[in-house]
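Encoded as structure tokens, the structure appears first; notes follow it.
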Amino acid sequence: MNETDIPKAYTPKEWEDDLYRRWTESGFFDPDRCIEAGVTDATKPTFSIVLPPPNVTGVLHAGHAAMLAIEDTIVRYHRMRGDRTLWLPGTDHAAVATQSKVEDILWQEEKKTRYDFSREEFLARLETFARESHDRIKHQIEKLGSSVDWSREAYTLDEKRSLAVRTAFKRMYDDGLIYRGYRTVNWSVKGQSTCSDDELVYIDRKATLSTFRYSEDFPIAIATTRPETKLGDTAVAVHPDDERYREFVGKTYEIGSFAGGPNLSIRIIADEMVDPAFGTGAVGITPAHSHTDYDFYLRHKAEIAFAPADEAVIGTDGAMTRWAGDAYAGLSVADARAKVIASLRAAGLLEHEEEVDQSVGTSDRFKDVVEVLPMKQWFIDVNKEFEKNGRQVSLKELMREAVSSGDIAILPDRFAKTYFHWIDNLRDWCISRQIWFGHRIPVWYRGEEIFCGIDAPQGDGWEQDQDTLDTWFSSGLWTFSTLGWPDTEANDFKTYHPTNLLETGYDILFFWVARMILMSEYFIGMPPFEKVYLHGLVRDAEGRKMSKSLGNIIDPLDVSEVHGADALRMALISGSTPGNDVKLSDEKIVAMRNFTNKLWNLARYIGTMSAETDAAPEPRSDADRYIMRKLEEVAASVTRHLDRYELSLATEELRDFTWGDFADWYVEVHKIEKNDALLRHAFDVILKLWHPFMPFVTEAIHQTFHLDKSEFLMIAKWPVFESTHKMIADANRFELVKGLITAIRNIRATYHIDPAIKMVLSARGASERTIRHKNTIHDNEEIIKRIARIGEIRSIDSSADTPKNSLLIQVGLLQAFLHLEGVIDIAKEKARLEADLAQTEKYAASLESKLGNPAFADRAPKEIVESTKTLLEETRAKAGELREHVASLS
RNA sequence: GGGCAAUUAGCUCAGUUGGUUAGAGCGCCUCGUUUACACCGAGGAAGUCGGAGGUUCGAGUCCUCCAUUGCCCACCA
């Protein structure tokens with residue numbers, strides 16, 4: 001092959017679609033296929049991750065591209081490491097979001113509303129839209145090179161997920177955690193549906209705060225920004241210590257035709273929640289039209305009234321009802337407000353008006369200011385205690401514990417605080433929506449009878465609840481509904497749940513992450529994932545949010561069309577850290593595009609030089625040795641960064657090495673020294689290290705220049721150098737070794753293998769419950785049988801209740817078990833342990849020299865010197881332990 | 001009101017248990033176009049690490065206060 005035959009620049013367009021097609025056809029995105037083909041060892045640990053399902057509302061944006069880039073990088077890395085790697089894709093029907101979108105389109109294009117269709121017709125239109133969206137989204141996911149297993153693709157509204165949803169609903173209903181209750185909800189008049197607290201978007205606006213009295217002889221003035229709701233007041237609350245009002249507490253005042261409206265009966269109550277310094281220090285309580293007032297009602301049920309069913313003064317159409325009195329009935333809220341004020345002013349009851357800043361909740365989807373109304377809706381009770389594993393807990397507590405116990409780690413961890421704060425303020429979750437698109441509530445009515453079931457009840461006359469479920473109910477089940485649940489015997493469920501990682505934007509921590517934790521903890525008794533990686537928002541070059549109105553939206557497809565998917569992926573990953581927003585600029589993308597081209601041209605030089613390709617790579621010069629040593633260091637470091645999800649750091653180091661050391665320096669050296677085999681070998685390693693980040697260009701180079709004979713770079717073995725094992729001493733593995741030692745020490749007189757194994761696995765980052773699930777072997781009998789089968793241990797008395805076996809055998813037992821489970825490789829473990837020992841000894845030596853340095857020993861305070869001495873002793877002790885353990889492995 | 005983050009070169013940002021001389025990309029300046037790459041190479045200028053204190057032998061890194069910006073949550077009677 002000659003250089004002149006190969007284009008001088010990498011042309012992504014000519015490669016990407018074809019490569020993706022070939023990857024898909026190979027089937028290697030499917031872990032089962034990898035095992036069949038011998039690419040993956042079935043005994044290896046699993047690495048599973050679900051794709052946060054994009055909404056079928058349209059197209060993917062830059063944020064999705066970032067998500068796909070990060071996840072694909074991690075997934076490809078694990079696949080190359082040899083893990084049983086599953087990345088499960090899907091889409092979300094996104095209930096309200098999709099319906100409101102389609103309603104907009106229908107209105108714009110046909111001037112029709114949903115009421116111009118039957119429920120069935122309307123749903124058919126939605127399904128068509130959803131399918132088209134789905135196809136577009138799938139295409140975009142593919143364009144970015146995402147190595148998802150399409151054979152397992154799921155949709156939140158498909159048959160299997162529907163079964164999961166109905167099963168989940170029924171189970172919670174039977175357990176009394178789902179209830180139908182009458183209380184205040186957020187109501188979008190425009191959307192004619194409820195929305196949950198989390199779906200509200202608060203906007204700031206100016207409002208008039210009016211101070212008034214209900215009547216001339218009413219003793220207390222109150223202030224409000226919502227005078228029209230005052231037509232439904234039932235109480236006035238004051239602080240219990242407020243001297244001004246103490247004498248009135250407990251009295252009830254009858255107001256005849258308040259503001260020309262209904263008669264009111266106002267009770268004066270005392271409540272700690274009232275801020276005596278704000279306004280007049282007294283609050284008018286409208287339990288029907290304010291969540292906080294409803295809470296007042298709950299605390300004072302004995303004293304004050306809540307509007308009985310359907311007696312709210314504001315109706316679902318956003319107009320005043322007849323309960324607001326004849327003078328108001330039918331008026332809009334705004335008109336009613338003006339009328340109340342006018343009436344109060346005329347009667348001389350209006351004492352003061354001022355303009356204040358106010359933030360009001362609007363519907364995320366329908367954009368209108370929501371009204372708080374009392375309605376009969378379905379809720380999930382987050383506070384109700386129920387029995388779980390022999391103790392009383394609430395859903396709230398389950399959600400809290402999943403994170404506080406460390407079962408789930410959130411990256412960056414500062415979001416754990418946000419999460420706890422959210423949980424502490426959580427109200428019951430309103431799950432019913434008055435829209436048509438979604439999972440219909442599996443409840444049927446016949447007269448007074450009510451039936452909740454997975455399928456419709458037998459017999460005539462039953463009518464199903466008209467409402468559908470909040471979209472987050474079904475996405476909350478996502479980690480396990482996609483793996484076969486409610487069939488808990490399903491292979492995928494048993495193999496891949498809990499998943500290892502959830503990668504998503506921090507903006508849906510509450511919506512989705514928290515709901516998944518709730519559902520998984522409740523139904524499975526385990527967290528849905530071990531780790532949460534929260535990425536930031538993708539912003540434009542100036543740091544602004546991308547939005548249609550600003551016209552600054554960067555379409556990922558456009559970018560990858562021009563510069564290639566790899567350049568886009570790199571631009572999104574490089575320089576971005578968990579939890580922080582990332583700015584995407586043209587310059588950055590171009591810089592990354594230039595780098596893909598750099599790799600391409602390296603390949604042109606290396607791949608086409610005359611070389612006996614079969615020659616073994618032998619370092620011949622100092623330059624050779626330097627580049628190999630550096631390469632090993634970089635490989636180890638990139639590996640460590642990937643294990644810690646530090647993708648940006650990995651790309652930086654790798655890029656510096658590739659461009660600075662390898663391309664600019666070593667290639668020039670090679671032009672003189674001509675160590676072809678070593679050059680090719682080094683480049684091959686570099687390509688593998690780059691593959692997870694830039695799958696297309698690396699695979700294209702692999703396919704063009706055949707640096708080795710394998711079919712696909714995507715299933716190549718991840719480069720690990722024996723001599724650099726000590727540098728791959730990542731936290732995970734270090735903890736494993738530590739845990740192993742602890743476990744061995746803790747094997748006590750009574751012989752129980754379980755705690756020891758648990759300890760080791762938990763040191764490895766798995767939660768206790770995960771261990772219970774993933775290793776359902778509880779009796780020693782079974783463990784020993786399995787171990788005996790692989791012949792690692794020869795003589796074990798399986799009926800032993802007391803220690804008939806030496807400590808050594810128990811150590812061996814433990815190791816053998818771990819080996820069997822694919823958790824550790826003993827030979828490698830020993831090498832790693834030795835590396836650890838070397839590092840520990842090195843550390844001890846450095847501490848020694850520090851103590852020997854007069855600058856430190858004489859000038860540093862005694863305590864520091866002492867603590868350093870202590871540290872040295874500890875380090876020596878640790879080295880001793882390690883040495884012992886290495887010996888026990890020999 | 002409560003909380004969280006950010007502030008490092010002209011711009012965009014790295015900098016993970018405190019440790020020699022603080023890094024990268026883009027931009028800028030000088031030089032270079034004999035076949036891997038001008039989507040390039042060699043070299044260079046450029047930072048009192050937001051401000052003020054403090055802890056320390058040693059602080060971009062830890063503590064306190066302040067300033068500016070952004071975000072989240074709650075209240076908003």
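Ligands are numbered from 1 in the order shown, residues from 1 within each chain, and chains are lettered A, B, ... in the order they appear in the structure tokens.
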
Within 12 Å of region 186-191 of chain A, counting only C-alpha atoms (C1' of nucleotides), which residues qualify if same-chain residues fewer than 2 places away don't, as a PDB file with C-alpha atoms, in the first residue's frame?
```pdb
ATOM      1  CA  VAL A  96     -47.507  14.908  28.987  1.00  0.00           C
ATOM      2  CA  ALA A  97     -44.507  16.117  27.042  1.00  0.00           C
ATOM      3  CA  GLN A  99     -49.138  14.742  24.226  1.00  0.00           C
ATOM      4  CA  SER A 100     -48.726  18.502  24.579  1.00  0.00           C
ATOM      5  CA  LYS A 101     -46.324  18.497  21.655  1.00  0.00           C
ATOM      6  CA  GLU A 103     -51.590  18.863  20.589  1.00  0.00           C
ATOM      7  CA  ASP A 104     -49.525  21.864  19.526  1.00  0.00           C
ATOM      8  CA  THR A 113     -57.844  20.056  19.763  1.00  0.00           C
ATOM      9  CA  ARG A 114     -57.779  16.621  21.312  1.00  0.00           C
ATOM     10  CA  ARG A 183     -56.404  16.832  48.638  1.00  0.00           C
ATOM     11  CA  THR A 184     -54.782  19.796  46.936  1.00  0.00           C
ATOM     12  CA  SER A 193     -54.371  17.849  34.036  1.00  0.00           C
ATOM     13  CA  THR A 194     -52.542  17.605  37.321  1.00  0.00           C
ATOM     14  CA  CYS A 195     -48.812  17.925  37.497  1.00  0.00           C
ATOM     15  CA  SER A 196     -46.468  16.886  40.271  1.00  0.00           C
ATOM     16  CA  ASP A 197     -44.578  19.342  42.435  1.00  0.00           C
ATOM     17  CA  ASP A 198     -41.376  18.571  40.576  1.00  0.00           C
ATOM     18  CA  GLU A 199     -42.869  19.395  37.219  1.00  0.00           C
ATOM     19  CA  LEU A 200     -43.460  22.975  38.200  1.00  0.00           C
ATOM     20  CA  VAL A 201     -41.213  25.643  36.800  1.00  0.00           C
ATOM     21  CA  ALA A 288     -58.532  24.401  49.106  1.00  0.00           C
ATOM     22  CA  HIS A 289     -56.197  26.595  47.086  1.00  0.00           C
ATOM     23  CA  SER A 290     -52.783  26.484  48.655  1.00  0.00           C
ATOM     24  CA  HIS A 291     -50.563  23.557  49.556  1.00  0.00           C
ATOM     25  CA  ILE A 314     -61.962  27.939  41.670  1.00  0.00           C
ATOM     26  CA  GLY A 315     -62.877  25.251  39.167  1.00  0.00           C
ATOM     27  CA  THR A 316     -60.892  23.049  36.830  1.00  0.00           C
ATOM     28  CA  ASP A 317     -61.744  25.404  33.982  1.00  0.00           C
ATOM     29  CA  GLY A 318     -59.887  28.187  35.758  1.00  0.00           C
ATOM     30  CA  ALA A 319     -63.079  30.091  36.506  1.00  0.00           C
ATOM     31  CA  SER A 332     -62.074  34.383  35.419  1.00  0.00           C
ATOM     32  CA  VAL A 333     -59.571  34.372  38.228  1.00  0.00           C
ATOM     33  CA  VAL A 360     -45.285  31.335  40.798  1.00  0.00           C
ATOM     34  CA  GLY A 361     -45.345  27.745  39.650  1.00  0.00           C
ATOM     35  CA  THR A 362     -46.080  27.152  36.023  1.00  0.00           C
ATOM     36  CA  SER A 363     -46.675  23.913  34.215  1.00  0.00           C
ATOM     37  CA  ASP A 364     -43.459  22.731  32.639  1.00  0.00           C
ATOM     38  CA  ARG A 365     -45.307  21.470  29.588  1.00  0.00           C
ATOM     39  CA  PHE A 366     -48.326  23.701  29.176  1.00  0.00           C
ATOM     40  CA  LYS A 367     -46.592  26.845  30.390  1.00  0.00           C
ATOM     41  CA  ASP A 368     -49.599  28.227  32.254  1.00  0.00           C
ATOM     42  CA  VAL A 369     -49.608  29.259  35.892  1.00  0.00           C
ATOM     43  CA  VAL A 370     -50.989  26.299  37.778  1.00  0.00           C
ATOM     44  CA  GLU A 371     -53.940  26.582  40.099  1.00  0.00           C
ATOM     45  CA  VAL A 372     -53.940  24.705  43.351  1.00  0.00           C
ATOM     46  CA  LEU A 373     -57.207  22.839  43.595  1.00  0.00           C
ATOM     47  CA  PRO A 374     -58.599  20.133  45.821  1.00  0.00           C
ATOM     48  CA  MET A 375     -59.215  17.001  43.788  1.00  0.00           C
ATOM     49  CA  LYS A 376     -59.583  13.309  44.109  1.00  0.00           C
ATOM     50  CA  GLN A 377     -56.410  11.832  42.665  1.00  0.00           C
ATOM     51  CA  TRP A 429     -46.453  11.852  44.882  1.00  0.00           C
ATOM     52  CA  CYS A 430     -49.515  12.545  42.756  1.00  0.00           C
ATOM     53  CA  ILE A 431     -49.343   9.948  40.007  1.00  0.00           C
ATOM     54  CA  SER A 432     -52.622  10.371  38.136  1.00  0.00           C
ATOM     55  CA  ARG A 433     -52.820  12.543  35.043  1.00  0.00           C
ATOM     56  CA  GLN A 434     -55.894  13.544  33.093  1.00  0.00           C
ATOM     57  CA  ILE A 435     -54.245  13.002  29.759  1.00  0.00           C
ATOM     58  CA  TRP A 436     -54.686  10.153  27.366  1.00  0.00           C
TER      59      TRP A 436
END
```

Considering only C-alpha atoms (C1' of nucleotides), extract the chain B residues located within 7 Å of chain A and return them as number ranges by chain. B: 13-14, 26, 36-37, 39, 57, 76-77

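For the atom pair formed by CA of Glu311 (chain A) and CA of Gly181 (chain A), the distance is 15.6 Å, given to one decimal.
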
Excluding C66 (chain B) and its own-chain neighbours fewer than 5 positions away, which residues fall within 12 Å of it when counting only C-alpha atoms (C1' of nucleotides)? Please give them as a PyMOL selection string. chain B and resi 50-53

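Counting only C-alpha atoms and comparing A:Val50, A:Trp444, A:Asp271, A:Trp665, the residue that lies closest to Phe529 (chain A) is A:Val50.
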
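Every protein or nucleic acid residue with an atom no more than 12 Å from C29 (chain B), counting only C-alpha atoms (C1' of nucleotides) and leaving out same-chain residues fewer than 3 positions away, appears here: G43, G44, A45 and A46 of chain B.
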
Once you have the residues from the selection above, write them out as an mmCIF file, in the first residue's frame, restricted to N, CA and C atoms (P, O5', C5', C4', C3', O3' and C1' of nucleotides).
```
data_model
loop_
_atom_site.group_PDB
_atom_site.id
_atom_site.type_symbol
_atom_site.label_atom_id
_atom_site.label_comp_id
_atom_site.auth_asym_id
_atom_site.auth_seq_id
_atom_site.Cartn_x
_atom_site.Cartn_y
_atom_site.Cartn_z
ATOM 1 P P G B 43 10.612 22.805 20.564
ATOM 2 O "O5'" G B 43 10.627 24.394 20.600
ATOM 3 C "C5'" G B 43 11.844 25.068 20.859
ATOM 4 C "C4'" G B 43 11.722 26.528 20.547
ATOM 5 C "C3'" G B 43 10.957 27.401 21.527
ATOM 6 O "O3'" G B 43 11.663 27.643 22.727
ATOM 7 C "C1'" G B 43 10.459 28.060 19.320
ATOM 8 P P G B 44 10.871 27.922 24.049
ATOM 9 O "O5'" G B 44 10.243 29.365 23.785
ATOM 10 C "C5'" G B 44 11.103 30.492 23.624
ATOM 11 C "C4'" G B 44 10.301 31.705 23.264
ATOM 12 C "C3'" G B 44 9.288 32.172 24.289
ATOM 13 O "O3'" G B 44 9.895 32.880 25.353
ATOM 14 C "C1'" G B 44 8.337 32.294 22.131
ATOM 15 P P A B 45 9.238 32.912 26.766
ATOM 16 O "O5'" A B 45 8.235 34.145 26.614
ATOM 17 C "C5'" A B 45 8.724 35.435 26.239
ATOM 18 C "C4'" A B 45 7.562 36.330 25.913
ATOM 19 C "C3'" A B 45 6.488 36.385 27.002
ATOM 20 O "O3'" A B 45 6.827 37.313 28.013
ATOM 21 C "C1'" A B 45 5.462 36.017 24.911
ATOM 22 P P A B 46 6.647 36.899 29.518
ATOM 23 O "O5'" A B 46 5.061 36.839 29.631
ATOM 24 C "C5'" A B 46 4.283 38.018 29.388
ATOM 25 C "C4'" A B 46 2.834 37.644 29.225
ATOM 26 C "C3'" A B 46 2.232 36.871 30.395
ATOM 27 O "O3'" A B 46 1.832 37.757 31.421
ATOM 28 C "C1'" A B 46 1.625 35.849 28.343
#
```

Please extract the residues of region 195-431 of chain A with a backbone DSSP assignment of strand (DSSP E or B) and present them as a compact mmCIF listing (two decimals) with N, CA and C atoms, in the first residue's frame.
```txt
# COMPACT_ATOMS: atom_id res chain seq x y z
N CYS A 195 -50.24 18.17 37.68
CA CYS A 195 -48.81 17.92 37.50
C CYS A 195 -48.17 17.84 38.88
N LEU A 200 -43.21 21.55 38.25
CA LEU A 200 -43.46 22.98 38.20
C LEU A 200 -42.18 23.73 37.88
N VAL A 201 -42.32 24.75 37.08
CA VAL A 201 -41.21 25.64 36.80
C VAL A 201 -41.59 26.99 37.40
N TYR A 202 -40.75 27.47 38.28
CA TYR A 202 -41.08 28.72 38.95
C TYR A 202 -40.60 29.91 38.14
N ILE A 203 -41.47 30.87 37.96
CA ILE A 203 -41.05 32.09 37.29
C ILE A 203 -41.33 33.28 38.23
N ASP A 204 -40.47 34.29 38.10
CA ASP A 204 -40.63 35.47 38.95
C ASP A 204 -41.53 36.49 38.26
N ARG A 205 -42.36 37.10 39.06
CA ARG A 205 -43.17 38.18 38.50
C ARG A 205 -43.57 39.14 39.63
N LYS A 206 -44.06 40.28 39.21
CA LYS A 206 -44.51 41.26 40.19
C LYS A 206 -45.96 40.94 40.56
N ALA A 207 -46.28 41.19 41.81
CA ALA A 207 -47.66 40.98 42.22
C ALA A 207 -48.02 42.04 43.24
N THR A 208 -49.30 42.27 43.41
CA THR A 208 -49.75 43.24 44.38
C THR A 208 -50.12 42.52 45.67
N LEU A 209 -49.51 42.96 46.74
CA LEU A 209 -49.83 42.39 48.04
C LEU A 209 -50.83 43.33 48.70
N SER A 210 -52.04 42.84 48.91
CA SER A 210 -53.10 43.67 49.45
C SER A 210 -53.38 43.31 50.90
N THR A 211 -53.40 44.34 51.75
CA THR A 211 -53.71 44.11 53.16
C THR A 211 -55.15 44.56 53.40
N PHE A 212 -55.94 43.68 54.03
CA PHE A 212 -57.37 43.99 54.17
C PHE A 212 -57.95 43.29 55.41
N ILE A 222 -55.23 40.90 57.28
CA ILE A 222 -54.32 39.94 56.65
C ILE A 222 -53.91 40.45 55.27
N ALA A 223 -52.84 39.87 54.76
CA ALA A 223 -52.35 40.28 53.45
C ALA A 223 -52.42 39.11 52.49
N THR A 224 -52.58 39.43 51.21
CA THR A 224 -52.64 38.36 50.21
C THR A 224 -52.26 38.89 48.84
N ALA A 235 -59.98 30.09 57.86
CA ALA A 235 -59.29 30.37 59.12
C ALA A 235 -58.29 31.50 58.94
N VAL A 236 -57.84 32.03 60.05
CA VAL A 236 -56.71 32.94 60.07
C VAL A 236 -55.75 32.38 61.09
N ALA A 237 -54.49 32.29 60.68
CA ALA A 237 -53.49 31.72 61.59
C ALA A 237 -52.57 32.82 62.08
N VAL A 238 -52.22 32.75 63.37
CA VAL A 238 -51.26 33.68 63.96
C VAL A 238 -50.26 32.87 64.76
N THR A 252 -64.32 32.09 66.59
CA THR A 252 -64.78 31.96 65.21
C THR A 252 -65.62 33.19 64.86
N TYR A 253 -65.35 33.74 63.69
CA TYR A 253 -66.08 34.93 63.25
C TYR A 253 -66.89 34.60 62.02
N GLU A 254 -68.12 34.99 62.03
CA GLU A 254 -68.98 34.78 60.87
C GLU A 254 -68.96 36.06 60.03
N ILE A 255 -68.62 35.88 58.76
CA ILE A 255 -68.56 37.03 57.87
C ILE A 255 -69.73 36.90 56.89
N LEU A 264 -68.55 33.65 55.07
CA LEU A 264 -67.38 32.91 55.54
C LEU A 264 -67.48 32.71 57.03
N SER A 265 -66.88 31.60 57.45
CA SER A 265 -66.79 31.33 58.87
C SER A 265 -65.30 31.18 59.18
N ILE A 266 -64.74 32.21 59.83
CA ILE A 266 -63.29 32.25 60.00
C ILE A 266 -62.91 31.95 61.44
N ARG A 267 -62.08 30.94 61.59
CA ARG A 267 -61.60 30.54 62.90
C ARG A 267 -60.19 31.08 63.09
N ILE A 268 -59.90 31.62 64.26
CA ILE A 268 -58.54 32.09 64.51
C ILE A 268 -57.76 30.95 65.16
N ILE A 269 -56.66 30.56 64.52
CA ILE A 269 -55.86 29.46 65.07
C ILE A 269 -54.44 29.93 65.32
N ALA A 270 -53.76 29.21 66.20
CA ALA A 270 -52.37 29.53 66.50
C ALA A 270 -51.49 28.45 65.88
N ALA A 282 -50.37 37.77 60.43
CA ALA A 282 -51.50 36.85 60.41
C ALA A 282 -51.72 36.36 58.99
N VAL A 283 -52.10 35.12 58.86
CA VAL A 283 -52.26 34.51 57.54
C VAL A 283 -53.69 34.05 57.35
N GLY A 284 -54.28 34.45 56.23
CA GLY A 284 -55.58 33.91 55.88
C GLY A 284 -55.40 32.52 55.30
N ILE A 285 -56.18 31.59 55.81
CA ILE A 285 -55.99 30.20 55.41
C ILE A 285 -57.07 29.76 54.43
N ILE A 314 -62.49 27.88 43.04
CA ILE A 314 -61.96 27.94 41.67
C ILE A 314 -62.14 26.55 41.05
N ALA A 319 -62.11 29.04 36.21
CA ALA A 319 -63.08 30.09 36.51
C ALA A 319 -63.64 29.89 37.91
N MET A 320 -64.24 30.95 38.45
CA MET A 320 -64.83 30.86 39.78
C MET A 320 -66.06 29.97 39.72
N SER A 332 -63.45 34.89 35.46
CA SER A 332 -62.07 34.38 35.42
C SER A 332 -61.39 34.77 36.72
N LEU A 350 -59.97 47.74 52.54
CA LEU A 350 -58.62 47.59 51.99
C LEU A 350 -57.71 48.58 52.67
N GLU A 351 -56.71 48.07 53.39
CA GLU A 351 -55.88 48.96 54.19
C GLU A 351 -54.61 49.40 53.49
N HIS A 352 -54.10 48.54 52.63
CA HIS A 352 -52.77 48.84 52.10
C HIS A 352 -52.52 48.00 50.85
N GLU A 353 -51.80 48.56 49.89
CA GLU A 353 -51.40 47.77 48.72
C GLU A 353 -49.94 48.06 48.42
N GLU A 354 -49.18 47.02 48.11
CA GLU A 354 -47.80 47.27 47.67
C GLU A 354 -47.40 46.22 46.64
N GLU A 355 -46.40 46.62 45.85
CA GLU A 355 -45.94 45.70 44.83
C GLU A 355 -44.83 44.83 45.41
N VAL A 356 -44.91 43.53 45.21
CA VAL A 356 -43.87 42.62 45.71
C VAL A 356 -43.44 41.70 44.58
N ASP A 357 -42.24 41.13 44.78
CA ASP A 357 -41.77 40.09 43.86
C ASP A 357 -42.37 38.77 44.30
N GLN A 358 -42.75 38.02 43.32
CA GLN A 358 -43.41 36.76 43.66
C GLN A 358 -42.93 35.73 42.65
N SER A 359 -42.77 34.51 43.09
CA SER A 359 -42.50 33.48 42.08
C SER A 359 -43.66 32.51 42.08
N VAL A 360 -44.13 32.21 40.90
CA VAL A 360 -45.29 31.34 40.80
C VAL A 360 -44.93 30.09 40.00
N GLY A 361 -45.59 29.01 40.34
CA GLY A 361 -45.35 27.75 39.65
C GLY A 361 -46.11 27.69 38.34
N THR A 362 -45.40 27.34 37.30
CA THR A 362 -46.08 27.15 36.02
C THR A 362 -45.89 25.71 35.59
N SER A 363 -46.79 25.28 34.74
CA SER A 363 -46.68 23.91 34.22
C SER A 363 -45.51 23.84 33.25
N VAL A 369 -49.72 29.23 34.44
CA VAL A 369 -49.61 29.26 35.89
C VAL A 369 -50.59 28.23 36.44
N GLU A 371 -53.06 26.29 38.98
CA GLU A 371 -53.94 26.58 40.10
C GLU A 371 -53.82 25.43 41.08
N VAL A 372 -53.88 25.76 42.35
CA VAL A 372 -53.94 24.71 43.35
C VAL A 372 -55.41 24.43 43.62
N LEU A 373 -55.81 23.21 43.42
CA LEU A 373 -57.21 22.84 43.59
C LEU A 373 -57.30 21.57 44.42
N PRO A 374 -58.40 21.40 45.14
CA PRO A 374 -58.60 20.13 45.82
C PRO A 374 -59.24 19.16 44.85
N MET A 375 -58.67 17.99 44.73
CA MET A 375 -59.22 17.00 43.79
C MET A 375 -58.99 15.60 44.32
N LYS A 376 -59.77 14.71 43.79
CA LYS A 376 -59.58 13.31 44.11
C LYS A 376 -58.60 12.73 43.10
N GLN A 377 -57.45 12.33 43.56
CA GLN A 377 -56.41 11.83 42.67
C GLN A 377 -55.72 10.64 43.30
N TRP A 378 -54.88 9.98 42.49
CA TRP A 378 -54.09 8.86 42.99
C TRP A 378 -52.73 9.34 43.48
N PHE A 379 -52.33 8.82 44.63
CA PHE A 379 -51.06 9.22 45.22
C PHE A 379 -50.25 8.02 45.66
N ILE A 380 -48.94 8.23 45.69
CA ILE A 380 -48.08 7.26 46.37
C ILE A 380 -47.73 7.87 47.72
N PHE A 386 -44.27 0.60 56.40
CA PHE A 386 -44.66 -0.76 56.06
C PHE A 386 -43.52 -1.68 56.45
N GLU A 387 -43.76 -2.96 56.40
CA GLU A 387 -42.72 -3.88 56.85
C GLU A 387 -41.84 -4.30 55.69
N LYS A 388 -40.55 -4.17 55.91
CA LYS A 388 -39.59 -4.57 54.88
C LYS A 388 -38.46 -5.26 55.61
N ARG A 391 -38.59 -4.95 59.40
CA ARG A 391 -38.63 -3.69 60.14
C ARG A 391 -39.58 -2.72 59.44
N GLN A 392 -39.99 -1.72 60.21
CA GLN A 392 -40.94 -0.75 59.69
C GLN A 392 -40.19 0.38 58.99
N VAL A 393 -40.51 0.61 57.75
CA VAL A 393 -39.89 1.72 57.03
C VAL A 393 -40.91 2.40 56.14
N ALA A 409 -23.55 5.44 45.26
CA ALA A 409 -22.66 6.59 45.34
C ALA A 409 -23.01 7.55 44.22
N ILE A 410 -23.12 8.82 44.59
CA ILE A 410 -23.45 9.82 43.58
C ILE A 410 -22.20 10.62 43.24
N LEU A 411 -21.98 10.76 41.96
CA LEU A 411 -20.80 11.47 41.48
C LEU A 411 -21.24 12.70 40.70
N TRP A 429 -46.66 11.67 46.32
CA TRP A 429 -46.45 11.85 44.88
C TRP A 429 -47.78 11.61 44.14
N CYS A 430 -48.28 12.68 43.52
CA CYS A 430 -49.51 12.55 42.76
C CYS A 430 -49.19 11.89 41.42
```

What does the distance between CA of Asp32 (chain A) and CA of Thr167 (chain A) come to in Å, to one decimal place? 28.1 Å
